[in-house]
There are 2 protein chains.
Amino acid sequence: MASIKDVAAEAGVSVATVSRVLNDHPSVSADARARVLAAVEVLGYRPNAVARSLRTDQTHTLGLVISDVMNPYFTELARSVEEEARALGYSVIIGNADERPDLQDHHVRNLLDRRIDGLLVSPTDGASPLMLDAARGGTPMVFVDRWIPGVDVPVVRADGQSAIRDLVAHLHGLGHRRLAIIAGPAATTTGRERVEVFRKALAAHGLELPDAYTGQGDFQAESGRRVTEGFLDLAEPPEAVFAADNLMALGALDAIRARGLRVPHDIALAAFDDIPWFVHTDPPITAIAQPTGELGRAAVRALVDRIEGRTPRSVTLAARLVVRRSCGEDPAENPVTNRSTS
Amino acid sequence: MASIKDVAAEAGVSVATVSRVLNDHPSVSADARARVLAAVEVLGYRPNAVARSLRTDQTHTLGLVISDVMNPYFTELARSVEEEARALGYSVIIGNADERPDLQDHHVRNLLDRRIDGLLVSPTDGASPLMLDAARGGTPMVFVDRWIPGVDVPVVRADGQSAIRDLVAHLHGLGHRRLAIIAGPAATTTGRERVEVFRKALAAHGLELPDAYTGQGDFQAESGRRVTEGFLDLAEPPEAVFAADNLMALGALDAIRARGLRVPHDIALAAFDDIPWFVHTDPPITAIAQPTGELGRAAVRALVDRIEGRTPRSVTLAARLVVRRSCGEDPAENPVTNRSTS
DNA sequence: CCTCCTTGTGGAATCGATTACATCGACTGC
DNA sequence: GCAGTCGATGTAATCGATTCCACAAGGAGG
């Protein structure tokens, strides 16, 4: 592959001049510029990004480490991150941690070795020493969706508080009193937080969240199935199940079907994270929707701000409840609510 | 960040020795090795992959350009590609073309500039000059899922012929005679091929595929909706619709629902590409499943073979029909179904 | 006509690694 | 005791860019 030297030879100038033309430095004569451009054309020359990065100490690349690509929420996040990054002149390398701390570390290390300009992370676990070092060591970093408390890194996330309160009100309004939750891993902020907010929202209605109704999942479908089976085995199973992410909701749906039970007739189901498919499931699933695209874009902007020397800001956007049919027929979904009859 | 020079200074040896230790070259004394390793530890040194790549002319990175990340089929493909690549010591950079030739070219160019060791592509369109140049120019390349005819590049794909024949037999067996297809873009091999195979399979049953029953989609949900609306507007709408990918099937489902029609009672629906969500839609959708994971792994192996100087082989795996309920109840298909009543 | 800028250009250092080649002891074998 | 080998190490070239610095030519100003 042609190098800058070949171009210089072809154009009859020095490599310095070629470089100037390529980076449109002002002091190059029109003549030289034309000759260089012609040579570039003839040779089909493309600058070697590796060499350039070594010299300039910039890769114009962002790393994105997410917990699970197969989760549509993260897929959408990745997509919006790439879009915004591209608009700002950066590429993105995605690392899929699959909810495994060791894989997460593998990707972080790999990205650091490649000297990416900045790192976007949705941490799988509490705090790997590696990530802490990176953060303290000055690698530009931004957390997205999940974060690690106590680390001085901007966080871009959605706040589900009011949406979860709305959900509990919705369930309560439909007459459900025994509400259960399939929690995410305690090591993640979103795993813990959603349970706590849910518990508080229940309390506001005078309801408790017994331990038996708090199942420990890991954000993967299989754990949703397992936990739900546990719920259904109880002497007094819950009337409604709230899954802390979409995949666990899917697992729950499986488990419920496998028992020959029907949603919402026999048991209500709701999920955190809305995805296109929830419209098409049987029944359509009530979910809490995050502004995923906005989240991804904001995260990239924050990270690029940090990289380019501006001060990045943490961002919190609101999630919102999207009511469908999986919690029961709400005759009055549309304004009229079930006020009159029961 | 510490460089190899710092390590050399700290260990009291030359950079050559440090490099030798790091690449475990045989002739290094135990003493020197120990001192270097200690220095590496102390400084938290990590080799700069950029510098290494410049020197060795290898990045140990594969590029993967796919047509649409948001399509679960490609997400799964990407995941298996990354897994296999990691197992073989390579990283993967994903470029999402979003079914847009210009974006595809952007990513190919970007990956080439970064001097990736090899390229895995599922082309969005016929043939961009850029990609042809790359292929001819000696960049190791493998096509996956889709390919460009007439280019000498190995292809790893699934063959849907027998599965499509099975599907048509299934539909025919259920009494459907007016069968329609939502095709993919004619610029893609999978777009063209699936229509042709479908047409031939119909012919085998003495059925025709009129133009009115061949809708032109673009592998995105919205086009599935549009085409299906066209079908439903016909004086004599089809009894069954086969969507050439999963997203268009989703759009079709939307369009059907929007008319207040029911699947499979009013119209049957089937899709190419099976995805986990199809089990949970209302009704569960009959689909043709590709061995996606196997495809991704085989593609990586072929590409790495090419990169490392072995001879890569094209691979064709079989797709298979997965019958669910969206084409009608098939009493025999699944013993348990509604055999007695009706 | 002589300075002093300005503009355009090339030479060479540099980024952080790898690796060919030279060197230097120590050891082997005759 | 000496040539030849081998193992361990260092010096320096190299990969392909960017960029500092020096320098030449030409124009402006005194």
# chains A, B, ... in the order shown; residues from 1 in each chain; ligands from 1
>>> residues_around(residues="Val168 (chain A)", least_positions_apart="4", cutoff="9 Å", atoms="only C-alpha atoms (C1' of nucleotides)", output="ChimeraX atom specification")
/A:163-164,172-173,179,198,201-202,205
>>> select_by_dssp(residues="region 176-248 of chain A", states="strand (DSSP E or B)", output="PyMOL selection string")
chain A and resi 179-183+214-216+240-243
>>> write_last_selection(atoms="all heavy atoms", output="tab-separated table (two decimals), in the first residue's frame")
chain	number	residue	atom	x	y	z
A	179	LEU	N	-47.33	-7.62	44.89
A	179	LEU	CA	-46.43	-7.29	43.78
A	179	LEU	C	-45.03	-7.83	44.03
A	179	LEU	O	-44.50	-7.70	45.14
A	179	LEU	CB	-46.37	-5.78	43.60
A	179	LEU	CG	-47.72	-5.05	43.57
A	179	LEU	CD1	-47.51	-3.57	43.24
A	179	LEU	CD2	-48.66	-5.68	42.57
A	180	ALA	N	-44.45	-8.41	43.00
A	180	ALA	CA	-43.10	-8.98	43.13
A	180	ALA	C	-42.17	-8.34	42.11
A	180	ALA	O	-42.62	-7.76	41.12
A	180	ALA	CB	-43.15	-10.48	42.90
A	181	ILE	N	-40.88	-8.45	42.39
A	181	ILE	CA	-39.91	-7.90	41.45
A	181	ILE	C	-38.80	-8.91	41.15
A	181	ILE	O	-38.38	-9.67	42.03
A	181	ILE	CB	-39.30	-6.58	41.99
A	181	ILE	CG1	-38.39	-5.95	40.93
A	181	ILE	CG2	-38.55	-6.83	43.29
A	181	ILE	CD1	-37.97	-4.53	41.26
A	182	ILE	N	-38.40	-8.94	39.91
A	182	ILE	CA	-37.21	-9.71	39.53
A	182	ILE	C	-36.09	-8.69	39.42
A	182	ILE	O	-36.09	-7.86	38.50
A	182	ILE	CB	-37.39	-10.42	38.18
A	182	ILE	CG1	-38.69	-11.22	38.17
A	182	ILE	CG2	-36.19	-11.32	37.89
A	182	ILE	CD1	-38.98	-11.89	36.82
A	183	ALA	N	-35.20	-8.71	40.38
A	183	ALA	CA	-34.17	-7.67	40.47
A	183	ALA	C	-32.97	-8.00	39.58
A	183	ALA	O	-32.76	-9.16	39.21
A	183	ALA	CB	-33.70	-7.54	41.90
A	214	THR	N	-38.98	-10.89	46.19
A	214	THR	CA	-37.84	-10.22	45.58
A	214	THR	C	-36.91	-11.30	45.05
A	214	THR	O	-36.19	-11.94	45.80
A	214	THR	CB	-37.05	-9.40	46.63
A	214	THR	OG1	-37.96	-8.92	47.60
A	214	THR	CG2	-36.34	-8.25	45.97
A	215	GLY	N	-36.93	-11.51	43.77
A	215	GLY	CA	-36.09	-12.56	43.19
A	215	GLY	C	-34.82	-11.96	42.65
A	215	GLY	O	-34.81	-10.83	42.16
A	216	GLN	N	-33.75	-12.73	42.77
A	216	GLN	CA	-32.47	-12.22	42.30
A	216	GLN	C	-32.17	-12.71	40.89
A	216	GLN	O	-31.94	-13.89	40.67
A	216	GLN	CB	-31.37	-12.67	43.26
A	216	GLN	CG	-30.05	-12.01	42.98
A	216	GLN	CD	-30.17	-10.49	43.05
A	216	GLN	OE1	-30.62	-9.94	44.05
A	216	GLN	NE2	-29.83	-9.81	41.96
A	240	ALA	N	-48.70	-9.77	40.52
A	240	ALA	CA	-48.03	-9.03	39.44
A	240	ALA	C	-46.52	-9.16	39.60
A	240	ALA	O	-46.00	-9.19	40.71
A	240	ALA	CB	-48.41	-7.55	39.50
A	241	VAL	N	-45.85	-9.26	38.47
A	241	VAL	CA	-44.38	-9.38	38.49
A	241	VAL	C	-43.79	-8.25	37.66
A	241	VAL	O	-44.22	-8.00	36.54
A	241	VAL	CB	-43.93	-10.73	37.91
A	241	VAL	CG1	-42.42	-10.77	37.77
A	241	VAL	CG2	-44.42	-11.87	38.78
A	242	PHE	N	-42.82	-7.58	38.26
A	242	PHE	CA	-42.12	-6.49	37.57
A	242	PHE	C	-40.69	-6.95	37.32
A	242	PHE	O	-39.95	-7.22	38.27
A	242	PHE	CB	-42.17	-5.23	38.45
A	242	PHE	CG	-41.33	-4.09	37.93
A	242	PHE	CD1	-41.35	-3.73	36.58
A	242	PHE	CD2	-40.54	-3.34	38.81
A	242	PHE	CE1	-40.59	-2.67	36.11
A	242	PHE	CE2	-39.78	-2.26	38.35
A	242	PHE	CZ	-39.80	-1.93	36.99
A	243	ALA	N	-40.30	-7.03	36.07
A	243	ALA	CA	-38.95	-7.48	35.74
A	243	ALA	C	-38.08	-6.25	35.53
A	243	ALA	O	-38.47	-5.32	34.82
A	243	ALA	CB	-38.96	-8.34	34.48
>>> select_by_dssp(residues="region 34-93 of chain B", states="alpha helix (DSSP H)", output="mmCIF file with N, CA and C atoms, in the first residue's frame")
data_model
loop_
_atom_site.group_PDB
_atom_site.id
_atom_site.type_symbol
_atom_site.label_atom_id
_atom_site.label_comp_id
_atom_site.auth_asym_id
_atom_site.auth_seq_id
_atom_site.Cartn_x
_atom_site.Cartn_y
_atom_site.Cartn_z
ATOM 1 N N ALA B 34 13.343 -11.436 34.970
ATOM 2 C CA ALA B 34 12.741 -11.109 36.263
ATOM 3 C C ALA B 34 12.747 -9.605 36.487
ATOM 4 N N ARG B 35 13.875 -8.964 36.184
ATOM 5 C CA ARG B 35 13.968 -7.515 36.408
ATOM 6 C C ARG B 35 12.973 -6.762 35.533
ATOM 7 N N VAL B 36 12.865 -7.199 34.278
ATOM 8 C CA VAL B 36 11.925 -6.543 33.364
ATOM 9 C C VAL B 36 10.492 -6.712 33.859
ATOM 10 N N LEU B 37 10.158 -7.936 34.210
ATOM 11 C CA LEU B 37 8.803 -8.205 34.681
ATOM 12 C C LEU B 37 8.469 -7.350 35.903
ATOM 13 N N ALA B 38 9.465 -7.212 36.783
ATOM 14 C CA ALA B 38 9.251 -6.400 37.976
ATOM 15 C C ALA B 38 9.002 -4.951 37.584
ATOM 16 N N ALA B 39 9.804 -4.471 36.647
ATOM 17 C CA ALA B 39 9.659 -3.081 36.211
ATOM 18 C C ALA B 39 8.289 -2.857 35.581
ATOM 19 N N VAL B 40 7.858 -3.828 34.786
ATOM 20 C CA VAL B 40 6.553 -3.739 34.151
ATOM 21 C C VAL B 40 5.481 -3.592 35.222
ATOM 22 N N GLU B 41 5.620 -4.408 36.247
ATOM 23 C CA GLU B 41 4.666 -4.401 37.346
ATOM 24 C C GLU B 41 4.651 -3.036 38.031
ATOM 25 N N VAL B 42 5.833 -2.585 38.396
ATOM 26 C CA VAL B 42 5.963 -1.315 39.109
ATOM 27 C C VAL B 42 5.334 -0.159 38.329
ATOM 28 N N LEU B 43 5.628 -0.111 37.045
ATOM 29 C CA LEU B 43 5.160 1.019 36.249
ATOM 30 C C LEU B 43 3.744 0.831 35.710
ATOM 31 N N ALA B 49 -0.363 -0.697 21.542
ATOM 32 C CA ALA B 49 -0.754 -1.504 20.380
ATOM 33 C C ALA B 49 -0.593 -0.723 19.084
ATOM 34 N N VAL B 50 -0.708 0.582 19.151
ATOM 35 C CA VAL B 50 -0.582 1.406 17.949
ATOM 36 C C VAL B 50 0.839 1.304 17.406
ATOM 37 N N ALA B 51 1.802 1.487 18.289
ATOM 38 C CA ALA B 51 3.204 1.432 17.874
ATOM 39 C C ALA B 51 3.541 0.036 17.362
ATOM 40 N N ARG B 52 3.079 -0.943 18.080
ATOM 41 C CA ARG B 52 3.353 -2.316 17.679
ATOM 42 C C ARG B 52 2.794 -2.592 16.284
ATOM 43 N N SER B 53 1.576 -2.115 16.052
ATOM 44 C CA SER B 53 0.952 -2.359 14.754
ATOM 45 C C SER B 53 1.728 -1.677 13.639
ATOM 46 N N LEU B 54 2.196 -0.492 13.918
ATOM 47 C CA LEU B 54 2.933 0.237 12.885
ATOM 48 C C LEU B 54 4.155 -0.569 12.468
ATOM 49 N N ARG B 55 4.839 -1.070 13.473
ATOM 50 C CA ARG B 55 6.068 -1.793 13.199
ATOM 51 C C ARG B 55 5.817 -3.148 12.534
ATOM 52 N N THR B 56 4.859 -3.896 13.066
ATOM 53 C CA THR B 56 4.664 -5.261 12.584
ATOM 54 C C THR B 56 3.705 -5.341 11.404
ATOM 55 N N PRO B 72 -32.037 -8.315 14.876
ATOM 56 C CA PRO B 72 -31.512 -9.314 15.803
ATOM 57 C C PRO B 72 -30.667 -10.380 15.124
ATOM 58 N N TYR B 73 -30.970 -10.656 13.873
ATOM 59 C CA TYR B 73 -30.163 -11.641 13.163
ATOM 60 C C TYR B 73 -28.720 -11.174 13.089
ATOM 61 N N PHE B 74 -28.529 -9.928 12.712
ATOM 62 C CA PHE B 74 -27.163 -9.414 12.585
ATOM 63 C C PHE B 74 -26.509 -9.188 13.947
ATOM 64 N N THR B 75 -27.316 -8.865 14.921
ATOM 65 C CA THR B 75 -26.753 -8.714 16.263
ATOM 66 C C THR B 75 -26.148 -10.031 16.708
ATOM 67 N N GLU B 76 -26.891 -11.091 16.473
ATOM 68 C CA GLU B 76 -26.397 -12.398 16.891
ATOM 69 C C GLU B 76 -25.156 -12.767 16.079
ATOM 70 N N LEU B 77 -25.202 -12.449 14.811
ATOM 71 C CA LEU B 77 -24.049 -12.721 13.955
ATOM 72 C C LEU B 77 -22.822 -11.985 14.505
ATOM 73 N N ALA B 78 -23.001 -10.732 14.816
ATOM 74 C CA ALA B 78 -21.897 -9.917 15.319
ATOM 75 C C ALA B 78 -21.335 -10.517 16.600
ATOM 76 N N ARG B 79 -22.234 -10.987 17.434
ATOM 77 C CA ARG B 79 -21.797 -11.552 18.690
ATOM 78 C C ARG B 79 -20.954 -12.805 18.468
ATOM 79 N N SER B 80 -21.414 -13.671 17.601
ATOM 80 C CA SER B 80 -20.660 -14.908 17.401
ATOM 81 C C SER B 80 -19.336 -14.611 16.704
ATOM 82 N N VAL B 81 -19.344 -13.633 15.846
ATOM 83 C CA VAL B 81 -18.101 -13.237 15.180
ATOM 84 C C VAL B 81 -17.089 -12.766 16.227
ATOM 85 N N GLU B 82 -17.555 -11.931 17.117
ATOM 86 C CA GLU B 82 -16.630 -11.407 18.117
ATOM 87 C C GLU B 82 -16.095 -12.536 19.006
ATOM 88 N N GLU B 83 -16.965 -13.449 19.360
ATOM 89 C CA GLU B 83 -16.540 -14.551 20.225
ATOM 90 C C GLU B 83 -15.447 -15.398 19.589
ATOM 91 N N GLU B 84 -15.713 -15.787 18.351
ATOM 92 C CA GLU B 84 -14.742 -16.642 17.675
ATOM 93 C C GLU B 84 -13.436 -15.879 17.459
ATOM 94 N N ALA B 85 -13.554 -14.616 17.083
ATOM 95 C CA ALA B 85 -12.359 -13.807 16.845
ATOM 96 C C ALA B 85 -11.539 -13.713 18.135
ATOM 97 N N ARG B 86 -12.202 -13.471 19.214
ATOM 98 C CA ARG B 86 -11.500 -13.367 20.492
ATOM 99 C C ARG B 86 -10.766 -14.660 20.796
ATOM 100 N N ALA B 87 -11.447 -15.774 20.529
ATOM 101 C CA ALA B 87 -10.823 -17.074 20.785
ATOM 102 C C ALA B 87 -9.560 -17.249 19.945
#
>>> interface_residues(of="chain B", to="chain D", cutoff="12 Å", atoms="only C-alpha atoms (C1' of nucleotides)", output="number ranges by chain")
B: 8, 12-18, 20, 25-33, 50-58
>>> calpha_fit_rmsd(fixed="chain B", moving="chain A")
1.6 Å
>>> residues_around(residues="Gly118 (chain B)", least_positions_apart="5", cutoff="7 Å", atoms="only C-alpha atoms (C1' of nucleotides)", output="list in words")
Leu62, Gly63, Thr139, Pro140, Met141, Leu303 and Ile307 of chain B
>>> atom_distance(atom1="CA of Asp274 (chain A)", atom2="CA of Asp159 (chain A)")
14.2 Å
>>> atom_distance(atom1="CA of Asn48 (chain B)", atom2="CA of Ala299 (chain A)")
26.5 Å
